[in-house]
file final_33.cif (mmCIF, C-alpha atoms)
data_query
#
loop_
_atom_site.group_PDB
_atom_site.id
_atom_site.type_symbol
_atom_site.label_atom_id
_atom_site.label_comp_id
_atom_site.auth_asym_id
_atom_site.auth_seq_id
_atom_site.Cartn_x
_atom_site.Cartn_y
_atom_site.Cartn_z
ATOM 1 C CA MET A 1 -0.506 -3.101 28.692
ATOM 2 C CA TYR A 2 2.457 -1.609 30.507
ATOM 3 C CA ARG A 3 4.784 -2.197 33.428
ATOM 4 C CA ASP A 4 6.310 0.410 35.663
ATOM 5 C CA LEU A 5 10.064 0.584 35.150
ATOM 6 C CA ASP A 6 10.678 -0.221 38.799
ATOM 7 C CA ALA A 7 13.357 -2.347 40.453
ATOM 8 C CA GLN A 8 11.491 -5.617 39.808
ATOM 9 C CA THR A 9 11.028 -4.867 36.103
ATOM 10 C CA ARG A 10 14.703 -3.949 35.760
ATOM 11 C CA GLU A 11 15.729 -7.204 37.407
ATOM 12 C CA ASP A 12 13.376 -9.218 35.191
ATOM 13 C CA LEU A 13 14.870 -7.629 32.072
ATOM 14 C CA ARG A 14 18.421 -8.225 33.278
ATOM 15 C CA LEU A 15 17.742 -11.896 33.927
ATOM 16 C CA TYR A 16 15.821 -12.455 30.695
ATOM 17 C CA PHE A 17 18.140 -10.740 28.234
ATOM 18 C CA GLN A 18 21.426 -11.080 30.155
ATOM 19 C CA ASP A 19 24.031 -10.130 27.519
ATOM 20 C CA ARG A 20 21.739 -10.307 24.468
ATOM 21 C CA ASP A 21 20.851 -7.299 22.334
ATOM 22 C CA TYR A 22 17.426 -5.724 22.765
ATOM 23 C CA MET A 23 15.341 -2.573 22.502
ATOM 24 C CA VAL A 24 13.061 -1.081 25.147
ATOM 25 C CA VAL A 25 10.068 1.140 24.319
ATOM 26 C CA SER A 26 8.933 3.320 27.194
ATOM 27 C CA VAL A 27 6.703 6.311 27.932
ATOM 28 C CA PRO A 28 6.105 8.676 30.850
ATOM 29 C CA LYS A 29 2.886 8.316 32.800
ATOM 30 C CA ASP A 30 1.159 11.529 31.719
ATOM 31 C CA GLU A 31 2.740 12.823 28.486
ATOM 32 C CA LEU A 32 2.798 11.859 24.802
ATOM 33 C CA ILE A 33 6.510 11.051 24.657
ATOM 34 C CA ARG A 34 7.989 7.832 23.318
ATOM 35 C CA VAL A 35 11.479 6.672 24.189
ATOM 36 C CA TYR A 36 13.332 3.926 22.302
ATOM 37 C CA THR A 37 16.530 2.701 23.949
ATOM 38 C CA LEU A 38 18.807 0.174 22.316
ATOM 39 C CA GLN A 39 21.665 -2.189 22.978
ATOM 40 C CA ALA A 40 23.160 -3.652 19.777
ATOM 41 C CA ASN A 41 26.568 -4.911 20.875
ATOM 42 C CA HIS A 42 26.421 -8.291 19.183
ATOM 43 C CA ALA A 43 24.641 -7.104 16.029
ATOM 44 C CA VAL A 44 27.331 -4.496 15.399
ATOM 45 C CA ALA A 45 30.142 -6.933 16.181
ATOM 46 C CA VAL A 46 28.677 -9.487 13.758
ATOM 47 C CA ALA A 47 28.413 -6.863 11.005
ATOM 48 C CA LYS A 48 32.043 -5.886 11.580
ATOM 49 C CA ARG A 49 33.171 -9.516 11.415
ATOM 50 C CA ILE A 50 31.099 -10.528 8.382
ATOM 51 C CA HIS A 51 32.276 -7.569 6.329
ATOM 52 C CA ASP A 52 35.849 -7.633 7.702
ATOM 53 C CA LEU A 53 35.761 -3.947 8.656
ATOM 54 C CA GLU A 54 38.184 -1.789 10.586
ATOM 55 C CA GLY A 55 38.511 1.838 11.542
ATOM 56 C CA GLN A 56 36.205 4.430 10.071
ATOM 57 C CA ARG A 57 34.301 1.965 7.874
ATOM 58 C CA ALA A 58 33.562 -0.279 10.864
ATOM 59 C CA GLU A 59 32.250 2.701 12.813
ATOM 60 C CA LEU A 60 30.034 3.839 9.950
ATOM 61 C CA MET A 61 28.588 0.339 9.565
ATOM 62 C CA GLY A 62 27.924 0.181 13.310
ATOM 63 C CA TYR A 63 26.127 3.521 13.331
ATOM 64 C CA ALA A 64 24.107 2.457 10.277
ATOM 65 C CA ILE A 65 23.005 -0.729 12.067
ATOM 66 C CA MET A 66 21.814 1.305 15.050
ATOM 67 C CA SER A 67 20.168 3.871 12.770
ATOM 68 C CA ALA A 68 18.041 1.226 11.055
ATOM 69 C CA LEU A 69 16.971 -0.178 14.421
ATOM 70 C CA LEU A 70 16.005 3.271 15.716
ATOM 71 C CA LEU A 71 14.059 3.867 12.508
ATOM 72 C CA THR A 72 11.867 0.845 13.265
ATOM 73 C CA SER A 73 10.024 3.332 15.471
ATOM 74 C CA LEU A 74 8.355 4.297 12.156
ATOM 75 C CA VAL A 75 6.920 0.835 11.416
ATOM 76 C CA LYS A 76 4.510 -1.351 13.339
ATOM 77 C CA HIS A 77 6.072 -2.934 16.405
ATOM 78 C CA ALA A 78 6.743 -6.708 16.409
ATOM 79 C CA THR A 79 5.915 -7.142 12.716
ATOM 80 C CA GLU A 80 7.943 -7.987 9.618
ATOM 81 C CA GLN A 81 7.472 -4.474 8.236
ATOM 82 C CA LYS A 82 10.898 -3.188 7.260
ATOM 83 C CA VAL A 83 12.755 0.079 7.136
ATOM 84 C CA LEU A 84 15.806 0.571 4.926
ATOM 85 C CA PHE A 85 18.461 3.178 5.666
ATOM 86 C CA LYS A 86 21.037 4.246 3.060
ATOM 87 C CA VAL A 87 23.704 6.926 2.810
ATOM 88 C CA GLN A 88 25.189 7.359 -0.674
ATOM 89 C CA THR A 89 28.103 9.586 -1.674
ATOM 90 C CA ASP A 90 30.322 9.684 -4.742
ATOM 91 C CA TYR A 91 32.793 7.507 -2.865
ATOM 92 C CA GLY A 92 30.570 4.712 -1.584
ATOM 93 C CA VAL A 93 27.386 3.591 0.117
ATOM 94 C CA VAL A 94 26.332 2.185 3.478
ATOM 95 C CA VAL A 95 23.024 0.340 3.739
ATOM 96 C CA SER A 96 21.180 -1.173 6.681
ATOM 97 C CA GLU A 97 17.744 -2.736 6.996
ATOM 98 C CA ALA A 98 15.705 -3.690 10.058
ATOM 99 C CA ASP A 99 12.185 -4.917 10.765
ATOM 100 C CA GLY A 100 9.687 -4.447 13.563
ATOM 101 C CA LYS A 101 10.911 -7.658 15.216
ATOM 102 C CA GLY A 102 14.436 -6.305 15.712
ATOM 103 C CA ARG A 103 16.174 -8.236 12.928
ATOM 104 C CA VAL A 104 18.836 -6.138 11.229
ATOM 105 C CA ARG A 105 21.461 -6.496 8.497
ATOM 106 C CA GLY A 106 23.686 -4.211 6.450
ATOM 107 C CA PHE A 107 26.624 -3.742 4.090
ATOM 108 C CA ILE A 108 29.103 -1.081 3.071
ATOM 109 C CA GLU A 109 30.858 -0.450 -0.228
ATOM 110 C CA GLY A 110 33.717 1.971 -0.779
ATOM 111 C CA ASN A 111 34.266 4.763 1.730
ATOM 112 C CA PRO A 112 31.055 6.816 1.886
ATOM 113 C CA GLN A 113 32.506 9.012 4.641
ATOM 114 C CA GLU A 114 34.502 10.776 1.935
ATOM 115 C CA GLY A 115 32.521 13.433 0.095
ATOM 116 C CA TRP A 116 30.111 13.433 3.042
ATOM 117 C CA ALA A 117 28.776 16.928 2.379
ATOM 118 C CA SER A 118 27.508 15.933 -1.071
ATOM 119 C CA GLY A 119 25.795 12.732 0.046
ATOM 120 C CA VAL A 120 22.145 11.699 0.062
ATOM 121 C CA LEU A 121 20.287 9.927 2.883
ATOM 122 C CA THR A 122 17.391 7.680 1.875
ATOM 123 C CA VAL A 123 14.865 6.001 4.153
ATOM 124 C CA VAL A 124 12.385 3.476 2.760
ATOM 125 C CA LYS A 125 9.719 2.240 5.151
ATOM 126 C CA GLU A 126 6.947 -0.283 4.702
ATOM 127 C CA LEU A 127 3.498 0.865 5.680
ATOM 128 C CA ARG A 128 0.236 -1.038 5.515
ATOM 129 C CA LEU A 129 0.218 -4.132 3.317
ATOM 130 C CA GLY A 130 3.936 -3.697 2.661
ATOM 131 C CA THR A 131 3.481 -0.505 0.645
ATOM 132 C CA PRO A 132 6.849 1.335 0.603
ATOM 133 C CA TYR A 133 7.276 5.024 1.344
ATOM 134 C CA THR A 134 10.570 6.661 0.344
ATOM 135 C CA SER A 135 12.034 9.832 1.806
ATOM 136 C CA ILE A 136 15.279 11.398 0.519
ATOM 137 C CA VAL A 137 17.195 14.245 2.163
ATOM 138 C CA PRO A 138 20.722 15.614 1.728
ATOM 139 C CA VAL A 139 23.340 14.414 4.184
ATOM 140 C CA VAL A 140 23.643 17.249 6.701
ATOM 141 C CA GLY A 141 26.048 17.395 9.634
ATOM 142 C CA ARG A 142 29.469 16.114 10.557
ATOM 143 C CA ASN A 143 28.496 12.490 11.119
ATOM 144 C CA LEU A 144 25.736 9.954 10.740
ATOM 145 C CA LYS A 145 24.071 10.886 14.030
ATOM 146 C CA GLU A 146 23.603 14.465 12.883
ATOM 147 C CA ALA A 147 22.479 13.321 9.434
ATOM 148 C CA LEU A 148 19.811 11.081 10.985
ATOM 149 C CA SER A 149 18.632 13.908 13.243
ATOM 150 C CA PHE A 150 18.222 16.134 10.185
ATOM 151 C CA TYR A 151 16.189 13.387 8.482
ATOM 152 C CA PHE A 152 13.729 13.278 11.378
ATOM 153 C CA GLU A 153 13.480 17.049 11.434
ATOM 154 C CA GLN A 154 12.759 17.281 7.712
ATOM 155 C CA SER A 155 10.765 14.135 6.960
ATOM 156 C CA GLU A 156 8.942 13.125 10.125
ATOM 157 C CA GLN A 157 8.257 16.643 11.433
ATOM 158 C CA THR A 158 8.237 15.382 15.000
ATOM 159 C CA ARG A 159 10.422 16.849 17.725
ATOM 160 C CA THR A 160 13.102 14.177 18.013
ATOM 161 C CA TYR A 161 16.206 13.704 20.125
ATOM 162 C CA LEU A 162 18.671 10.925 19.418
ATOM 163 C CA ASP A 163 22.194 9.860 20.175
ATOM 164 C CA MET A 164 24.357 6.801 19.597
ATOM 165 C CA HIS A 165 27.456 5.512 21.342
ATOM 166 C CA LEU A 166 29.840 3.061 19.680
ATOM 167 C CA GLU A 167 33.110 1.677 20.931
ATOM 168 C CA PHE A 168 35.038 -1.341 19.661
ATOM 169 C CA THR A 169 36.970 -3.358 22.227
ATOM 170 C CA SER A 170 38.986 -6.552 22.251
ATOM 171 C CA ALA A 171 35.838 -8.318 23.472
ATOM 172 C CA GLY A 172 33.591 -7.009 20.671
ATOM 173 C CA ALA A 173 31.549 -3.806 20.607
ATOM 174 C CA GLN A 174 29.650 -1.489 22.898
ATOM 175 C CA ALA A 175 26.760 -0.108 20.839
ATOM 176 C CA LYS A 176 23.958 1.806 22.539
ATOM 177 C CA ALA A 177 21.476 4.410 21.378
ATOM 178 C CA TYR A 178 18.279 6.265 22.166
ATOM 179 C CA LEU A 179 15.521 7.977 20.222
ATOM 180 C CA VAL A 180 13.022 10.301 21.915
ATOM 181 C CA GLN A 181 9.895 11.453 20.078
ATOM 182 C CA VAL A 182 7.878 14.297 21.583
ATOM 183 C CA LEU A 183 4.374 14.331 20.132
ATOM 184 C CA SER A 184 2.050 17.307 19.875
ATOM 185 C CA GLY A 185 0.445 18.536 23.079
ATOM 186 C CA VAL A 186 3.376 17.861 25.398
ATOM 187 C CA SER A 187 3.870 20.603 27.982
ATOM 188 C CA GLN A 188 6.904 22.887 27.817
ATOM 189 C CA ARG A 189 7.763 21.837 31.380
ATOM 190 C CA SER A 190 8.089 18.205 30.257
ATOM 191 C CA ILE A 191 10.164 19.187 27.209
ATOM 192 C CA ASP A 192 12.508 21.177 29.447
ATOM 193 C CA LEU A 193 12.800 18.212 31.813
ATOM 194 C CA ILE A 194 13.587 15.801 28.971
ATOM 195 C CA GLU A 195 16.267 18.132 27.626
ATOM 196 C CA GLU A 196 17.819 18.521 31.079
ATOM 197 C CA ASN A 197 17.845 14.731 31.563
ATOM 198 C CA LEU A 198 19.492 14.241 28.165
ATOM 199 C CA ARG A 199 22.214 16.764 28.985
ATOM 200 C CA ASN A 200 23.086 14.730 32.081
ATOM 201 C CA LEU A 201 22.812 11.316 30.428
ATOM 202 C CA SER A 202 25.720 8.901 30.184
ATOM 203 C CA PHE A 203 25.650 5.632 28.231
ATOM 204 C CA TYR A 204 28.439 4.151 30.330
ATOM 205 C CA ASP A 205 27.635 0.767 31.876
ATOM 206 C CA LYS A 206 23.878 1.177 31.383
ATOM 207 C CA ARG A 207 21.330 -1.229 29.985
ATOM 208 C CA PRO A 208 18.478 0.028 27.724
ATOM 209 C CA GLU A 209 15.938 0.207 30.543
ATOM 210 C CA GLU A 210 18.382 2.150 32.702
ATOM 211 C CA ILE A 211 18.952 4.649 29.889
ATOM 212 C CA ALA A 212 15.169 5.025 29.537
ATOM 213 C CA ILE A 213 14.806 5.675 33.254
ATOM 214 C CA GLU A 214 17.473 8.385 33.084
ATOM 215 C CA ILE A 215 15.742 10.048 30.117
ATOM 216 C CA LEU A 216 12.335 9.960 31.810
ATOM 217 C CA LYS A 217 13.599 10.856 35.273
ATOM 218 C CA GLY A 218 10.892 12.629 37.232
ATOM 219 C CA MET A 219 8.134 11.484 34.835
ATOM 220 C CA GLU A 220 7.179 7.992 36.144
ATOM 221 C CA PRO A 221 8.526 5.870 33.239
ATOM 222 C CA ARG A 222 6.570 2.855 32.035
ATOM 223 C CA LEU A 223 7.610 -0.033 29.820
ATOM 224 C CA ILE A 224 5.253 -0.591 26.858
ATOM 225 C CA GLY A 225 7.333 -2.655 24.409
ATOM 226 C CA LEU A 226 10.316 -4.965 24.048
ATOM 227 C CA LYS A 227 12.089 -6.682 21.199
ATOM 228 C CA GLU A 228 15.203 -8.769 20.978
ATOM 229 C CA VAL A 229 17.729 -7.542 18.419
ATOM 230 C CA GLU A 230 19.876 -9.733 16.186
ATOM 231 C CA TYR A 231 21.897 -9.549 12.990
ATOM 232 C CA TYR A 232 19.806 -11.672 10.650
ATOM 233 C CA CYS A 233 19.848 -12.218 6.891
ATOM 234 C CA PRO A 234 16.916 -14.080 5.283
ATOM 235 C CA CYS A 235 18.696 -14.785 2.001
ATOM 236 C CA SER A 236 18.215 -18.281 0.587
ATOM 237 C CA GLU A 237 19.062 -20.495 -2.357
ATOM 238 C CA GLU A 238 15.659 -19.768 -3.857
ATOM 239 C CA ILE A 239 16.185 -15.999 -3.673
ATOM 240 C CA ALA A 240 19.666 -16.327 -5.166
ATOM 241 C CA ARG A 241 18.361 -18.479 -8.020
ATOM 242 C CA SER A 242 15.575 -15.991 -8.705
ATOM 243 C CA SER A 243 18.126 -13.162 -9.008
ATOM 244 C CA LEU A 244 19.974 -15.119 -11.694
ATOM 245 C CA MET A 245 16.781 -15.769 -13.617
ATOM 246 C CA LEU A 246 16.293 -11.995 -13.934
ATOM 247 C CA LEU A 247 19.361 -11.814 -16.189
ATOM 248 C CA GLN A 248 19.092 -11.793 -19.945
ATOM 249 C CA GLU A 249 19.459 -15.342 -21.330
ATOM 250 C CA GLU A 250 22.578 -14.405 -23.311
ATOM 251 C CA GLU A 251 24.214 -12.904 -20.228
ATOM 252 C CA LEU A 252 23.412 -15.984 -18.143
ATOM 253 C CA GLN A 253 24.762 -18.284 -20.863
ATOM 254 C CA ASP A 254 28.022 -16.330 -20.872
ATOM 255 C CA ILE A 255 28.340 -16.765 -17.106
ATOM 256 C CA LEU A 256 27.633 -20.506 -17.282
ATOM 257 C CA SER A 257 30.136 -21.005 -20.099
ATOM 258 C CA GLU A 258 32.890 -20.287 -17.547
ATOM 259 C CA GLY A 259 31.530 -22.606 -14.860
ATOM 260 C CA PRO A 260 28.821 -22.516 -12.205
ATOM 261 C CA ALA A 261 26.954 -19.244 -11.765
ATOM 262 C CA GLU A 262 27.759 -17.622 -8.435
ATOM 263 C CA VAL A 263 25.682 -15.269 -6.302
ATOM 264 C CA VAL A 264 27.144 -13.591 -3.214
ATOM 265 C CA CYS A 265 24.765 -11.977 -0.721
ATOM 266 C CA LYS A 266 25.896 -8.425 0.019
ATOM 267 C CA PHE A 267 24.443 -8.533 3.523
ATOM 268 C CA CYS A 268 25.908 -11.784 4.892
ATOM 269 C CA LYS A 269 28.551 -12.809 2.296
ATOM 270 C CA ARG A 270 26.934 -16.214 1.850
ATOM 271 C CA VAL A 271 27.886 -17.747 -1.499
ATOM 272 C CA TYR A 272 25.418 -19.658 -3.692
ATOM 273 C CA ARG A 273 26.623 -21.615 -6.756
ATOM 274 C CA PHE A 274 24.408 -23.048 -9.487
ATOM 275 C CA SER A 275 25.274 -25.385 -12.329
ATOM 276 C CA ARG A 276 23.514 -25.323 -15.671
ATOM 277 C CA GLU A 277 21.547 -28.392 -14.587
ATOM 278 C CA GLN A 278 20.407 -26.749 -11.344
ATOM 279 C CA LEU A 279 19.145 -23.784 -13.333
ATOM 280 C CA MET A 280 17.585 -26.155 -15.896
ATOM 281 C CA ILE A 281 19.269 -24.352 -18.789
#
call {"tool": "encode", "arguments": {"input": "final_33.cif", "output": "structure tokens"}}
result
Amino acid sequence: MYRDLDAQTREDLRLYFQDRDYMVVSVPKDELIRVYTLQANHAVAVAKRIHDLEGQRAELMGYAIMSALLLTSLVKHATEQKVLFKVQTDYGVVVSEADGKGRVRGFIEGNPQEGWASGVLTVVKELRLGTPYTSIVPVVGRNLKEALSFYFEQSEQTRTYLDMHLEFTSAGAQAKAYLVQVLSGVSQRSIDLIEENLRNLSFYDKRPEEIAIEILKGMEPRLIGLKEVEYYCPCSEEIARSSLMLLQEEELQDILSEGPAEVVCKFCKRVYRFSREQLMI
């Protein structure tokens, strides 16, 4: 099923999503090209607030959030299959995770932007039946956008174009992105047209469907998929308790001798505390 990205469809999307985050999946009428366009303003702002980030670290977290969402193009749409994105350097790590339903979360430790040239980029994606597939490449480029482009070039071996725009304002964040995948068999004329459209593209004051229309200008764009995007962490008391039970008994006893055992979720900063009685020890 599809809908033409005409004026009525654009109005329907504007009214339905209003100021919420979402991703649009679109294709041209006659070519094997997929376009993913994203608005993640609130998700990025929530990540910044939860992790109390400023400056360069806030930007890196924001780009990581958008990267994970773009990487959901590699898992089945509208499912709970996940993709994990991680950049690790000697100075820190940034991690983000998103699923096919548009739920995303992340954290940052240290300052991974330092020592960038010696870093490693890891992508872990769930395939059928939750089986994970891991791909690791060196961090290449001046920033995360270029590093992600290199990942697609090396690991997915599909002609890919992507870009991300991030700006923090007093009102929150402006976070928008696109990913274009050109599959085999696409005509050179269409590739040239896509590249020309991308050269002329501006993110300014555009919604995801409007960005898609600009990218597929002259190719009769059609909407084939939608998903709402949100910062979401599924951690729970049960998961936190299970993590404690993985400790050696002696180590857990040492922790409990000083008071309740405490688990802090890296992704959402939620704190879980357990007494000896709660852990039945």
call {"tool": "residues_around", "arguments": {"input": "final_33.cif", "residues": "region 162-178 of chain A", "least_positions_apart": "6", "cutoff": "8 Å", "atoms": "all atoms listed in the file", "output": "CSV table (one decimal) with C-alpha atoms, in the frame of the given file"}}
result
chain,number,residue,atom,x,y,z
A,35,VAL,CA,11.5,6.7,24.2
A,36,TYR,CA,13.3,3.9,22.3
A,37,THR,CA,16.5,2.7,23.9
A,38,LEU,CA,18.8,0.2,22.3
A,39,GLN,CA,21.7,-2.2,23.0
A,40,ALA,CA,23.2,-3.7,19.8
A,41,ASN,CA,26.6,-4.9,20.9
A,42,HIS,CA,26.4,-8.3,19.2
A,44,VAL,CA,27.3,-4.5,15.4
A,45,ALA,CA,30.1,-6.9,16.2
A,59,GLU,CA,32.2,2.7,12.8
A,62,GLY,CA,27.9,0.2,13.3
A,63,TYR,CA,26.1,3.5,13.3
A,66,MET,CA,21.8,1.3,15.0
A,70,LEU,CA,16.0,3.3,15.7
A,145,LYS,CA,24.1,10.9,14.0
A,149,SER,CA,18.6,13.9,13.2
A,203,PHE,CA,25.6,5.6,28.2
A,208,PRO,CA,18.5,0.0,27.7
A,211,ILE,CA,19.0,4.6,29.9
call {"tool": "resolve_selection", "arguments": {"input": "final_33.cif", "expression": "the PyMOL selection byres ((chain A and resi 85) around 9)", "output": "NGL selection string"}}
result
:A and (64-65 or 67-68 or 71 or 83-84 or 86-87 or 94-98 or 121-125)
call {"tool": "closest_atom_pairs", "arguments": {"input": "final_33.cif", "of": "region 30-108 of chain A", "to": "region 135-143 of chain A", "cutoff": "9 Å", "atoms": "all atoms listed in the file", "output": "Markdown table"}}
result
| residue | atom | partner | partner_atom | distance |
| --- | --- | --- | --- | --- |
| A:Leu60 | CA | A:Asn143 | CA | 8.9 |
| A:Val87 | CA | A:Val139 | CA | 7.6 |
| A:Gln88 | CA | A:Val139 | CA | 8.8 |
| A:Thr89 | CA | A:Val139 | CA | 9.0 |
call {"tool": "write_last_selection", "arguments": {"input": "final_33.cif", "atoms": "C-alpha atoms", "output": "compact mmCIF listing (two decimals), keeping the file's coordinate frame"}}
result
# COMPACT_ATOMS: atom_id res chain seq x y z
CA LEU A 60 30.03 3.84 9.95
CA VAL A 87 23.70 6.93 2.81
CA GLN A 88 25.19 7.36 -0.67
CA THR A 89 28.10 9.59 -1.67
call {"tool": "atom_distance", "arguments": {"input": "final_33.cif", "atom1": "CA of Leu129 (chain A)", "atom2": "CA of Ala147 (chain A)"}}
result
28.9 Å
call {"tool": "closest_atom_pairs", "arguments": {"input": "final_33.cif", "of": "region 101-219 of chain A", "to": "region 233-257 of chain A", "cutoff": "9 Å", "atoms": "all atoms listed in the file", "output": "CSV"}}
result
residue,atom,partner,partner_atom,distance
A:Arg103,CA,A:Cys233,CA,8.1
A:Val104,CA,A:Cys233,CA,7.5
A:Arg105,CA,A:Cys233,CA,6.2
A:Gly106,CA,A:Cys233,CA,8.9
call {"tool": "closest_residue", "arguments": {"input": "final_33.cif", "among": "A:Arg159, A:Glu11, A:Tyr2, A:Lys82", "to": "Glu210 (chain A)", "atoms": "all atoms listed in the file"}}
result
A:Glu11
call {"tool": "closest_residue", "arguments": {"input": "final_33.cif", "among": "A:Leu198, A:Ala261, A:Leu127, A:Ile213", "to": "Phe274 (chain A)", "atoms": "all atoms listed in the file"}}
result
A:Ala261
call {"tool": "axis_aligned_box", "arguments": {"input": "final_33.cif", "around": "region 25-31 of chain A", "padding_each_side": "3 Å", "output": "AutoDock Vina command-line options"}}
result
--center_x 5.6 --center_y 7.0 --center_z 28.6 --size_x 14.9 --size_y 17.7 --size_z 14.5
call {"tool": "residues_near_point", "arguments": {"input": "final_33.cif", "point": "(21.9, -25.3, -9.9)", "cutoff": "10 Å", "atoms": "all atoms listed in the file", "output": "ChimeraX atom specification"}}
result
/A:237,241,260-262,272-281
call {"tool": "atom_distance", "arguments": {"input": "final_33.cif", "atom1": "CA of Ser155 (chain A)", "atom2": "CA of Leu179 (chain A)"}}
result
15.4 Å
call {"tool": "residues_around", "arguments": {"input": "final_33.cif", "residues": "region 193-196 of chain A", "least_positions_apart": "4", "cutoff": "12 Å", "atoms": "all atoms listed in the file", "output": "list in words"}}
result
Val27, Pro28, Glu31, Ile33, Arg34, Val35, Arg159, Thr160, Tyr161, Leu162, Leu179, Val180, Gln181, Val182, Val186, Ser187, Gln188, Arg189, Asn200, Leu201, Ala212, Ile213, Glu214, Ile215, Leu216, Lys217, Gly218, Met219 and Pro221 of chain A
call {"tool": "closest_residue", "arguments": {"input": "final_33.cif", "among": "A:Tyr232, A:Phe152, A:Trp116, A:Tyr16", "to": "Gly102 (chain A)", "atoms": "all atoms listed in the file"}}
result
A:Tyr232
call {"tool": "atom_distance", "arguments": {"input": "final_33.cif", "atom1": "CA of Met23 (chain A)", "atom2": "CA of His77 (chain A)"}}
result
11.1 Å
call {"tool": "closest_residue", "arguments": {"input": "final_33.cif", "among": "A:Gly259, A:Gly130, A:Gly100, A:Gly92", "to": "Gly115 (chain A)", "atoms": "all atoms listed in the file"}}
result
A:Gly92
call {"tool": "residues_around", "arguments": {"input": "final_33.cif", "residues": "Tyr22 (chain A)", "least_positions_apart": "4", "cutoff": "6 Å", "atoms": "only C-alpha atoms", "output": "list of chain:residue names"}}
result
A:Gln39, A:Lys227, A:Glu228, A:Val229
